[in-house]
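Data from query.tsv: TSV, C-alpha atoms
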```tsv
chain	number	residue	atom	x	y	z
C	1	MET	CA	-21.02	-17.68	-11.04
C	2	THR	CA	-17.95	-19.24	-12.52
C	3	ARG	CA	-17.70	-22.98	-12.83
C	4	VAL	CA	-16.83	-24.86	-9.69
C	5	THR	CA	-13.12	-25.29	-9.34
C	6	THR	CA	-11.22	-27.59	-7.05
C	7	THR	CA	-7.65	-27.60	-8.35
C	8	TRP	CA	-6.68	-24.83	-5.90
C	9	THR	CA	-7.07	-27.29	-3.02
C	10	ALA	CA	-4.13	-29.33	-4.31
C	11	HIS	CA	-1.69	-26.56	-3.39
C	12	GLU	CA	0.15	-26.23	-0.11
C	13	THR	CA	0.33	-22.44	-0.04
C	14	THR	CA	-2.07	-19.56	-0.63
C	15	ALA	CA	0.28	-18.20	-3.30
C	16	ASP	CA	0.20	-21.47	-5.27
C	17	ALA	CA	-3.58	-21.74	-4.86
C	18	LEU	CA	-3.92	-18.20	-6.23
C	19	GLY	CA	-1.70	-19.16	-9.17
C	20	ALA	CA	-3.96	-22.11	-9.99
C	21	LEU	CA	-7.08	-19.95	-9.78
C	22	ALA	CA	-5.44	-17.31	-11.98
C	23	ARG	CA	-4.67	-19.91	-14.66
C	24	GLU	CA	-8.33	-20.93	-14.63
C	25	GLY	CA	-9.45	-17.33	-14.88
C	26	ALA	CA	-11.47	-17.87	-11.72
C	27	THR	CA	-13.78	-15.34	-10.05
C	28	GLY	CA	-14.40	-15.55	-6.31
C	29	ALA	CA	-12.89	-15.12	-2.86
C	30	LEU	CA	-9.99	-17.19	-1.51
C	31	SER	CA	-9.72	-17.18	2.28
C	32	GLY	CA	-6.37	-17.69	3.93
C	33	GLU	CA	-5.36	-17.66	7.56
C	34	ARG	CA	-4.79	-13.90	7.56
C	35	GLY	CA	-7.24	-12.52	5.03
C	36	ILE	CA	-9.28	-12.86	1.88
C	37	VAL	CA	-8.19	-12.37	-1.74
C	38	TYR	CA	-10.92	-11.45	-4.26
C	39	LEU	CA	-10.36	-12.53	-7.85
C	40	LYS	CA	-12.15	-11.50	-11.01
C	41	ALA	CA	-11.38	-13.42	-14.19
C	42	GLY	CA	-8.13	-14.63	-12.63
C	43	ARG	CA	-6.89	-11.21	-11.54
C	44	VAL	CA	-6.73	-9.78	-8.03
C	45	VAL	CA	-9.33	-7.04	-7.55
C	46	HIS	CA	-9.30	-6.68	-3.78
C	47	VAL	CA	-7.63	-8.06	-0.65
C	48	GLU	CA	-8.74	-7.75	2.97
C	49	SER	CA	-6.83	-8.57	6.13
C	50	ALA	CA	-7.63	-7.93	9.79
C	51	PHE	CA	-3.98	-6.85	10.11
C	52	THR	CA	-4.43	-3.83	7.85
C	53	PRO	CA	-6.79	-0.84	7.73
C	54	ASP	CA	-9.28	-1.27	4.90
C	55	LEU	CA	-10.07	1.35	2.29
C	56	GLY	CA	-12.83	2.87	4.42
C	57	ALA	CA	-10.53	3.26	7.43
C	58	LEU	CA	-7.75	4.79	5.33
C	59	LEU	CA	-10.13	7.28	3.73
C	60	THR	CA	-12.29	8.28	6.69
C	61	ARG	CA	-9.75	8.29	9.53
C	62	SER	CA	-7.41	10.49	7.49
C	63	GLY	CA	-10.25	12.90	6.78
C	64	ALA	CA	-9.98	12.35	3.01
C	65	VAL	CA	-13.65	11.34	2.93
C	66	PRO	CA	-16.10	12.33	5.68
C	67	PRO	CA	-17.58	9.27	7.43
C	68	ASP	CA	-21.08	10.30	6.26
C	69	GLY	CA	-19.94	10.34	2.65
C	70	TRP	CA	-18.30	6.95	3.01
C	71	TRP	CA	-21.35	5.30	4.58
C	72	GLU	CA	-23.67	6.87	2.06
C	73	ALA	CA	-21.57	5.35	-0.73
C	74	VAL	CA	-21.64	1.98	1.06
C	75	ASP	CA	-25.41	2.18	1.56
C	76	ARG	CA	-26.18	3.22	-1.98
C	77	GLY	CA	-23.51	1.28	-3.83
C	78	GLY	CA	-22.87	-1.75	-1.63
C	79	THR	CA	-25.55	-4.08	-2.95
C	80	GLN	CA	-24.58	-3.32	-6.55
C	81	HIS	CA	-20.86	-3.70	-5.72
C	82	ARG	CA	-20.25	-0.12	-6.81
C	83	VAL	CA	-19.06	1.64	-3.65
C	84	GLY	CA	-15.84	2.81	-5.30
C	85	HIS	CA	-17.67	4.28	-8.27
C	86	ARG	CA	-20.19	5.90	-5.91
C	87	LEU	CA	-17.41	7.76	-4.10
C	88	VAL	CA	-16.05	9.12	-7.38
C	89	ASP	CA	-19.43	9.86	-8.98
C	90	GLY	CA	-20.62	11.56	-5.81
C	91	GLY	CA	-17.60	13.85	-5.87
C	92	SER	CA	-16.18	12.56	-2.58
C	93	LEU	CA	-12.96	11.40	-4.17
C	94	ALA	CA	-11.00	11.84	-7.40
C	95	ALA	CA	-10.70	8.76	-9.60
C	96	GLY	CA	-6.91	8.72	-9.28
C	97	ALA	CA	-7.10	9.10	-5.50
C	98	LEU	CA	-9.45	6.12	-5.27
C	99	GLU	CA	-7.07	4.00	-7.37
C	100	VAL	CA	-3.99	5.01	-5.39
C	101	CYS	CA	-5.70	4.34	-2.05
C	102	HIS	CA	-7.23	1.08	-3.29
C	103	LEU	CA	-3.91	-0.28	-4.59
C	104	GLY	CA	-2.26	0.82	-1.35
C	105	ALA	CA	-4.81	-1.16	0.67
C	106	LEU	CA	-4.73	-4.13	-1.73
C	107	PHE	CA	-0.96	-4.67	-1.61
C	108	ASP	CA	-0.90	-3.91	2.13
C	109	ALA	CA	-3.42	-6.65	2.92
C	110	ALA	CA	-1.84	-9.03	0.38
C	111	TYR	CA	1.47	-8.76	2.20
C	112	PHE	CA	-0.12	-10.18	5.35
C	113	VAL	CA	-2.16	-12.84	3.56
C	114	LEU	CA	0.98	-14.09	1.82
C	115	ALA	CA	3.58	-13.33	4.53
C	116	HIS	CA	2.88	-16.56	6.37
C	117	ASP	CA	2.05	-18.55	3.38
C	118	THR	CA	-0.03	-21.31	4.84
C	119	ARG	CA	-2.57	-23.39	3.04
C	120	ALA	CA	-5.60	-21.55	1.66
C	121	GLN	CA	-8.70	-22.47	3.62
C	122	ARG	CA	-11.63	-21.89	1.34
C	123	PHE	CA	-12.63	-20.60	-2.07
C	124	ARG	CA	-16.07	-19.14	-2.65
C	125	PRO	CA	-16.67	-19.18	-6.42
C	126	GLY	CA	-18.42	-16.13	-7.78
C	127	ALA	CA	-18.06	-14.08	-4.58
C	128	VAL	CA	-17.72	-10.37	-5.36
C	129	HIS	CA	-16.53	-7.64	-3.00
C	130	TRP	CA	-18.97	-4.82	-2.28
C	131	LEU	CA	-16.34	-2.23	-3.16
C	132	GLY	CA	-16.64	-3.16	-6.82
C	133	ALA	CA	-14.06	-2.97	-9.59
C	134	VAL	CA	-11.41	-0.29	-9.15
C	135	ARG	CA	-8.18	-1.71	-10.55
C	136	SER	CA	-7.09	-5.30	-11.02
C	137	VAL	CA	-3.58	-6.71	-10.66
C	138	PRO	CA	-2.17	-10.00	-12.01
C	139	VAL	CA	-1.72	-12.66	-9.33
C	140	ASP	CA	1.98	-13.11	-10.09
C	141	VAL	CA	2.60	-9.38	-9.55
C	142	VAL	CA	0.91	-9.51	-6.13
C	143	VAL	CA	2.84	-12.63	-5.09
C	144	ARG	CA	6.17	-11.24	-6.32
C	145	GLU	CA	5.60	-7.88	-4.64
C	146	SER	CA	4.77	-9.52	-1.31
C	147	GLY	CA	8.02	-11.49	-1.45
C	148	ARG	CA	9.97	-8.36	-2.33
C	149	ARG	CA	8.40	-6.50	0.59
C	150	ARG	CA	9.39	-9.30	2.97
C	151	ALA	CA	12.99	-9.10	1.74
C	152	LEU	CA	13.00	-5.30	2.07
C	153	LEU	CA	11.99	-5.51	5.75
C	154	ASP	CA	14.72	-8.02	6.46
C	155	ARG	CA	17.30	-5.81	4.78
C	156	ILE	CA	16.31	-2.93	7.06
C	157	TRP	CA	16.37	-4.92	10.32
C	158	PRO	CA	16.11	-8.72	10.34
C	159	ASP	CA	13.77	-9.18	13.31
C	160	SER	CA	10.24	-10.17	12.37
C	161	ALA	CA	9.11	-10.04	16.02
C	162	ILE	CA	8.84	-6.27	15.51
C	163	ASP	CA	5.95	-6.89	13.13
C	164	THR	CA	3.59	-8.67	15.49
C	165	LEU	CA	4.49	-8.11	19.17
C	166	PRO	CA	3.83	-5.11	21.45
C	167	LEU	CA	6.60	-2.54	21.06
C	168	THR	CA	8.31	-0.16	23.44
C	169	ARG	CA	10.74	2.73	23.18
C	170	VAL	CA	14.30	1.97	24.22
C	171	PRO	CA	14.84	3.88	27.49
C	172	GLY	CA	17.42	6.64	27.27
C	173	ALA	CA	17.67	6.52	23.50
C	174	GLY	CA	17.30	10.06	22.26
C	175	ALA	CA	15.74	10.65	18.90
C	176	ASP	CA	17.33	13.53	17.03
C	177	VAL	CA	15.49	14.85	14.05
C	178	LEU	CA	13.50	12.06	12.45
C	179	PRO	CA	11.71	12.09	9.10
C	180	VAL	CA	8.06	13.07	9.58
C	181	ARG	CA	6.54	9.62	9.10
C	182	ARG	CA	9.10	7.94	11.34
C	183	GLY	CA	8.67	10.53	14.09
C	184	ARG	CA	4.91	10.17	13.94
C	185	THR	CA	5.20	6.39	14.16
C	186	LEU	CA	7.52	6.65	17.18
C	187	THR	CA	4.98	8.74	19.09
C	188	GLN	CA	2.56	5.81	18.95
C	189	VAL	CA	4.99	3.27	20.45
C	190	ASP	CA	3.74	2.88	24.03
C	191	GLY	CA	4.82	-0.54	25.30
C	192	VAL	CA	1.37	-2.01	24.62
C	193	ARG	CA	0.45	-1.60	20.99
C	194	THR	CA	1.54	-3.79	18.10
C	195	ALA	CA	2.48	-2.57	14.64
C	196	ALA	CA	-1.01	-3.25	13.31
C	197	GLU	CA	-2.55	-1.25	16.15
C	198	ILE	CA	-0.13	1.62	15.57
C	199	ALA	CA	-0.99	1.60	11.86
C	200	SER	CA	-4.68	1.64	12.70
C	201	ALA	CA	-4.23	4.55	15.12
C	202	LEU	CA	-2.37	6.55	12.45
C	203	ALA	CA	-4.74	5.54	9.58
C	204	CYS	CA	-1.62	4.32	7.78
C	205	ARG	CA	-1.00	1.18	5.77
C	206	THR	CA	0.44	-1.46	8.07
C	207	TYR	CA	3.34	-2.51	5.83
C	208	HIS	CA	4.52	1.08	5.57
C	209	THR	CA	4.30	1.31	9.35
C	210	LEU	CA	6.40	-1.87	9.61
C	211	VAL	CA	9.07	-0.23	7.47
C	212	GLU	CA	9.24	2.76	9.83
C	213	LEU	CA	9.24	0.52	12.93
C	214	ARG	CA	12.03	-1.67	11.57
C	215	ARG	CA	14.05	1.46	10.79
C	216	LEU	CA	13.39	2.72	14.33
C	217	ALA	CA	14.53	-0.68	15.65
C	218	ALA	CA	17.66	-0.50	13.49
C	219	ASP	CA	18.33	2.97	14.94
C	220	GLY	CA	18.06	1.54	18.47
C	221	LEU	CA	14.95	3.56	19.32
C	222	VAL	CA	12.33	0.81	19.43
C	223	ARG	CA	12.32	-2.81	20.57
C	224	VAL	CA	9.86	-5.54	21.45
C	225	ALA	CA	8.25	-4.82	24.82
C	226	PRO	CA	9.97	-7.25	27.22
C	227	ALA	CA	7.15	-7.91	29.69
C	228	ALA	CA	4.61	-8.88	27.09
C	229	ALA	CA	6.99	-10.82	24.87
C	230	PRO	CA	5.90	-14.40	24.26
C	231	PRO	CA	8.51	-16.87	22.96
C	232	PRO	CA	9.91	-16.08	19.52
C	233	ARG	CA	7.99	-17.30	16.53
C	234	SER	CA	8.34	-21.01	15.95
C	235	GLY	CA	8.11	-22.52	12.53
C	236	ALA	CA	4.96	-24.43	13.33
C	237	GLU	CA	2.72	-21.72	14.67
C	238	PRO	CA	2.60	-17.97	14.07
C	239	PRO	CA	2.45	-15.92	17.25
C	240	ALA	CA	-0.95	-14.86	18.49
C	241	VAL	CA	-1.62	-11.28	17.51
C	242	VAL	CA	-3.98	-9.05	19.41
C	243	TRP	CA	-6.18	-7.04	17.07
C	244	ASP	CA	-7.45	-3.86	18.64
C	245	ASP	CA	-10.89	-4.06	17.16
C	246	PRO	CA	-12.56	-7.27	18.37
C	247	ASP	CA	-15.86	-6.20	16.83
C	248	THR	CA	-14.34	-6.26	13.35
C	249	ALA	CA	-12.81	-9.68	13.90
C	250	LEU	CA	-16.06	-10.98	15.34
C	251	LEU	CA	-18.09	-9.55	12.47
C	252	ARG	CA	-15.75	-11.05	9.91
C	253	ARG	CA	-16.02	-14.48	11.53
C	254	LEU	CA	-19.78	-14.13	11.76
C	255	ARG	CA	-20.01	-13.16	8.10
C	256	ASP	CA	-17.80	-16.07	7.07
C	257	ALA	CA	-19.91	-18.44	9.14
C	258	LEU	CA	-23.15	-17.16	7.59
C	259	GLU	CA	-21.75	-17.40	4.10
C	260	ALA	CA	-20.61	-20.95	4.78
C	261	LEU	CA	-24.19	-22.05	5.56
Y	262	MET	CA	-11.39	12.78	-13.81
Y	263	PRO	CA	-8.21	10.94	-14.70
Y	264	GLY	CA	-7.18	7.66	-13.12
Y	265	ILE	CA	-3.59	6.42	-12.88
Y	266	ASP	CA	-3.41	5.15	-16.48
Y	267	GLU	CA	-4.98	8.28	-17.95
Y	268	SER	CA	-2.52	10.46	-16.02
Y	269	LEU	CA	0.46	8.43	-17.22
Y	270	LEU	CA	-0.79	8.48	-20.82
Y	271	GLU	CA	-1.18	12.23	-20.55
Y	272	ALA	CA	2.43	12.49	-19.35
Y	273	MET	CA	3.49	10.42	-22.37
Y	274	ARG	CA	2.02	13.06	-24.69
Y	275	LEU	CA	4.66	15.55	-23.55
Y	276	PRO	CA	7.32	16.07	-26.22
Y	277	GLY	CA	10.25	13.69	-25.77
Y	278	ALA	CA	8.50	11.44	-23.22
Y	279	ARG	CA	9.95	7.90	-23.23
Y	280	GLY	CA	8.24	6.38	-20.22
Y	281	ALA	CA	6.14	7.31	-17.21
Y	282	SER	CA	5.26	5.52	-13.99
Y	283	LEU	CA	3.65	6.03	-10.59
Y	284	VAL	CA	5.86	4.66	-7.82
Y	285	ASP	CA	5.41	4.08	-4.07
Y	286	TRP	CA	8.64	5.46	-2.61
Y	287	ILE	CA	8.52	3.38	0.58
Y	288	SER	CA	7.71	-0.06	-0.80
Y	289	GLY	CA	9.30	0.49	-4.24
Y	290	LEU	CA	6.18	-0.71	-6.08
Y	291	ALA	CA	5.18	0.65	-9.50
Y	292	LEU	CA	1.42	1.25	-9.22
Y	293	GLY	CA	1.28	1.89	-12.95
Y	294	ALA	CA	3.63	2.34	-15.90
Y	295	VAL	CA	3.40	3.21	-19.61
Y	296	GLY	CA	5.99	3.49	-22.37
Y	297	ASP	CA	9.54	2.18	-22.10
Y	298	ALA	CA	11.21	1.47	-18.75
Y	299	PRO	CA	14.64	3.01	-18.20
Y	300	GLY	CA	16.87	-0.07	-17.99
Y	301	GLY	CA	14.13	-2.22	-19.52
Y	302	ASP	CA	12.37	-3.35	-16.33
Y	303	TRP	CA	9.74	-1.22	-14.58
Y	304	GLU	CA	9.89	-3.21	-11.35
Y	305	ALA	CA	13.65	-2.73	-11.00
Y	306	THR	CA	13.40	0.94	-12.01
Y	307	ALA	CA	10.65	1.55	-9.45
Y	308	ALA	CA	12.63	-0.09	-6.65
Y	309	GLU	CA	15.72	2.00	-7.45
Y	310	THR	CA	13.99	5.34	-7.95
Y	311	ALA	CA	11.98	4.73	-4.77
Y	312	GLU	CA	15.22	4.54	-2.76
Y	313	LEU	CA	16.39	7.78	-4.35
Y	314	GLY	CA	13.05	9.49	-3.71
Y	315	ARG	CA	12.92	8.27	-0.13
Y	316	HIS	CA	16.38	9.57	0.70
Y	317	VAL	CA	15.46	13.02	-0.59
Y	318	ALA	CA	11.98	13.02	1.01
Y	319	GLU	CA	13.49	12.03	4.38
Y	320	SER	CA	16.58	14.19	4.14
Y	321	GLY	CA	17.04	16.44	7.16
Y	322	SER	CA	19.01	18.85	4.99
Y	323	LEU	CA	17.09	18.96	1.72
Y	324	ALA	CA	13.61	18.57	3.16
Y	325	ALA	CA	12.57	20.76	6.06
Y	326	ALA	CA	11.40	17.68	7.88
Y	327	GLY	CA	9.56	17.76	11.17
Y	328	THR	CA	11.15	16.69	14.41
Y	329	ALA	CA	10.27	13.65	16.46
Y	330	GLY	CA	6.77	14.02	17.80
Y	331	ASP	CA	5.66	16.24	14.97
Y	332	THR	CA	2.12	15.47	13.95
Y	333	LEU	CA	1.76	16.77	10.43
Y	334	GLU	CA	-1.33	15.69	8.58
Y	335	PRO	CA	-0.83	12.92	6.00
Y	336	GLY	CA	-1.47	15.31	3.10
Y	337	LYS	CA	1.22	17.74	4.19
Y	338	GLU	CA	4.23	15.65	3.23
Y	339	PRO	CA	6.78	15.37	1.88
Y	340	PRO	CA	8.06	18.95	1.66
Y	341	VAL	CA	10.10	18.13	-1.45
Y	342	GLU	CA	8.12	18.82	-4.64
Y	343	ASP	CA	10.27	17.16	-7.27
Y	344	LEU	CA	13.75	16.03	-8.16
Y	345	ILE	CA	15.56	15.95	-11.46
Y	346	ALA	CA	18.37	13.67	-12.58
Y	347	THR	CA	20.11	14.56	-15.84
Y	348	THR	CA	22.04	12.06	-17.93
Y	349	GLY	CA	23.83	12.47	-21.25
Y	350	ASP	CA	20.69	11.85	-23.28
Y	351	ALA	CA	17.76	12.11	-20.88
Y	352	TYR	CA	16.09	13.74	-17.91
Y	353	HIS	CA	14.40	11.87	-15.08
Y	354	LEU	CA	11.75	13.94	-13.37
Y	355	LEU	CA	10.27	12.64	-10.11
Y	356	ARG	CA	7.22	14.56	-8.90
Y	357	PHE	CA	5.90	13.79	-5.40
Y	358	VAL	CA	2.13	13.48	-5.16
Y	359	SER	CA	0.35	14.76	-2.06
Y	360	THR	CA	-2.79	12.87	-1.10
Y	361	PRO	CA	-5.30	13.54	1.69
Y	362	PHE	CA	-4.86	9.91	2.88
Y	363	ASP	CA	-1.82	7.75	3.64
Y	364	SER	CA	0.16	7.27	0.46
Y	365	THR	CA	3.78	7.73	-0.50
Y	366	VAL	CA	3.91	8.08	-4.28
Y	367	PHE	CA	5.67	10.06	-7.01
Y	368	LEU	CA	5.25	10.34	-10.75
Y	369	HIS	CA	8.39	9.43	-12.69
Y	370	LEU	CA	8.79	10.84	-16.19
Y	371	TRP	CA	11.67	9.72	-18.40
Y	372	LEU	CA	12.30	12.46	-20.94
Y	373	ASP	CA	14.53	12.55	-24.01
Y	374	ARG	CA	17.02	15.36	-23.61
Y	375	ASN	CA	16.96	16.48	-27.24
Y	376	ASP	CA	13.22	16.37	-27.80
Y	377	GLY	CA	12.00	17.16	-24.31
Y	378	ASN	CA	11.38	20.50	-22.65
Y	379	LEU	CA	12.27	20.14	-18.99
Y	380	ALA	CA	10.65	23.38	-17.83
Y	381	LEU	CA	7.37	22.54	-19.57
Y	382	ALA	CA	7.44	18.96	-18.33
Y	383	ARG	CA	7.99	20.12	-14.76
Y	384	ILE	CA	4.95	22.40	-14.87
Y	385	ARG	CA	2.75	19.82	-16.59
Y	386	LEU	CA	3.74	16.99	-14.27
Y	387	ALA	CA	2.86	19.15	-11.26
Y	388	GLU	CA	-0.58	19.79	-12.77
Y	389	MET	CA	-1.05	16.09	-13.50
Y	390	ALA	CA	-0.09	15.18	-9.93
Y	391	ASP	CA	-2.76	17.54	-8.61
Y	392	ARG	CA	-5.44	16.33	-11.00
Y	393	LEU	CA	-4.66	12.70	-10.21
Y	394	VAL	CA	-5.66	13.06	-6.58
Y	395	LEU	CA	-7.92	16.13	-6.63
Y	396	GLY	CA	-9.81	15.50	-9.86
```

Before we go any further, please render this structure as structure tokens.
Amino acid sequence: MTRVTTTWTAHETTADALGALAREGATGALSGERGIVYLKAGRVVHVESAFTPDLGALLTRSGAVPPDGWWEAVDRGGTQHRVGHRLVDGGSLAAGALEVCHLGALFDAAYFVLAHDTRAQRFRPGAVHWLGAVRSVPVDVVVRESGRRRALLDRIWPDSAIDTLPLTRVPGAGADVLPVRRGRTLTQVDGVRTAAEIASALACRTYHTLVELRRLAADGLVRVAPAAAPPPRSGAEPPAVVWDDPDTALLRRLRDALEAL
Amino acid sequence: MPGIDESLLEAMRLPGARGASLVDWISGLALGAVGDAPGGDWEATAAETAELGRHVAESGSLAAAGTAGDTLEPGKEPPVEDLIATTGDAYHLLRFVSTPFDSTVFLHLWLDRNDGNLALARIRLAEMADRLVLG
């Protein structure tokens, strides 16, 4: 356990709270509205968000690691916080592959935690993620990258409604030859699913799916589904987002509630 | 089995190597970097080379890309293996890395033109890209 810290509460945004915790060299988990950032000695070691597929989903749904191998690593390594090492030691995954996938998931989730930079809700000192140490990233790099990613999306197509609302294909718009990723993303646009649900269906990182969807919107191939469109995002309240896996959301809330006891 | 840093350090042992990085060509993020950055700033270099890499990887002419509705597996892309930019005093070698899960990364090696051996570097970087994700 690190010493109890309270200075993070003085900050209005999750990014500023993370900065304060980094300066203290804190270890623990900071919960925001859209996810949890795990710190070790002031550096980011893991980030989770219900808006993005986690490492297990990226690895197993793509077929990179068989589900049995993943769950065995979780069973055997989870309590010692060594699931990542278990995967590599057990031969399921190369060390570099684990790092690349882990960083992909980390920055993907961080984008959503920091995209609507509301006040951080809670810090659990000493909390450690079961995945264990893979790679750590300085807080300022994570914050800067999330801002850069936001700007990149707006340069492609400045309509953030694409990111959170159900999407539909534009009737009559013919797609010529599309790059592989973009074409694959387009096939999942069905008038019902949101970007996060499309990313989950494809076992892709959500931010990278947002990039393809904004490019498809810029090309006039995709738009927000009209029937299901609630009013545009107001400054006060982010739009409600339907997550396709209520069990995950429920389990996360349950876990947070138990840990809060 | 090498991780990202070990792979980049191995690339830096090639004759004439000035700098090496692993870059996500959609987001423009440098996942790792060693040595000197071309232009002095790895973050700026990564963002710029990512745009270059993306244009080539998504090119309908250079890359035999799939059509709309194609459902290639994540590990099967992009069809471009590498690209080389030559300047007066250096080579830039970008080697795409195929992974069995969703990732969009290349290795970038900055190589001195006098001291470096482009053909050797190209072969070695391909081997490093394989070892990085396959062990």

Contact set, chain C to chain Y: 9 Å, only C-alpha atoms, as a ChimeraX atom specification: /C:58-65,88,91,93-101,103-104,145,148-149,152,175-187,202-205,207-208,211

Computed interatomic separation between atom CA of C:Val189 and atom CA of C:Thr168 (Å): 5.6 Å

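Between atom CA of C:Ala10 and atom CA of C:Phe112 the interatomic distance comes to 21.8 Å.
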
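Interatomic distance, atom CA of C:Trp70 to atom CA of C:Thr52: 18.2 Å.
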
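Non-sequential neighbours of C:Pro138 (distance at most 9 Å, separation of 3 or more positions within a chain, all atoms listed in the file) are Ala22, Gly42, Arg43, Val44, Val45, Val141, Val142 and Val143 of chain C.
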
For the selection just defined, write its residues with C-alpha atoms to a file, as a PDB file, in the frame of the given file.
```pdb
ATOM      1  CA  ALA C  22      -5.440 -17.310 -11.980  1.00  0.00           C
ATOM      2  CA  GLY C  42      -8.130 -14.630 -12.630  1.00  0.00           C
ATOM      3  CA  ARG C  43      -6.890 -11.210 -11.540  1.00  0.00           C
ATOM      4  CA  VAL C  44      -6.730  -9.780  -8.030  1.00  0.00           C
ATOM      5  CA  VAL C  45      -9.330  -7.040  -7.550  1.00  0.00           C
ATOM      6  CA  VAL C 141       2.600  -9.380  -9.550  1.00  0.00           C
ATOM      7  CA  VAL C 142       0.910  -9.510  -6.130  1.00  0.00           C
ATOM      8  CA  VAL C 143       2.840 -12.630  -5.090  1.00  0.00           C
TER       9      VAL C 143
END
```

Residue neighbourhood C:Trp8, 7 Å, all atoms listed in the file, exclusion window fewer than 4 positions, as an MDAnalysis selection string: chainID C and resid 17 20:21

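Every protein or nucleic acid residue with an atom no more than 8 Å from Y:His369, counting only C-alpha atoms and leaving out same-chain residues fewer than 4 positions away, appears here: Ala281, Ser282, Leu283, Val284, His353, Leu354, Leu355 and Arg356 of chain Y.
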
Selection near C:Asp219, 10 Å with all atoms listed in the file, sequence-local residues under 5 positions removed, as a VMD selection string: chain C and resid 157 173 175 213 to 214

Spatial neighbours of C:Gln121, 8 Å, all atoms listed in the file, chain gap at least 3 places, as an MDAnalysis selection string: chainID C and resid 30:33

Go ahead and dump the residues you just picked, C-alpha atoms, as an mmCIF file, in the coordinates of the input.
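As written to disk, selection04.cif reads:
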```cif
data_model
loop_
_atom_site.group_PDB
_atom_site.id
_atom_site.type_symbol
_atom_site.label_atom_id
_atom_site.label_comp_id
_atom_site.auth_asym_id
_atom_site.auth_seq_id
_atom_site.Cartn_x
_atom_site.Cartn_y
_atom_site.Cartn_z
ATOM 1 C CA LEU C 30 -9.990 -17.190 -1.510
ATOM 2 C CA SER C 31 -9.720 -17.180 2.280
ATOM 3 C CA GLY C 32 -6.370 -17.690 3.930
ATOM 4 C CA GLU C 33 -5.360 -17.660 7.560
#
```

Minimum-distance residue to C:Asp16, chosen among C:Lys40, C:Arg86, C:Arg119, C:Trp71 (using all atoms listed in the file): C:Arg119
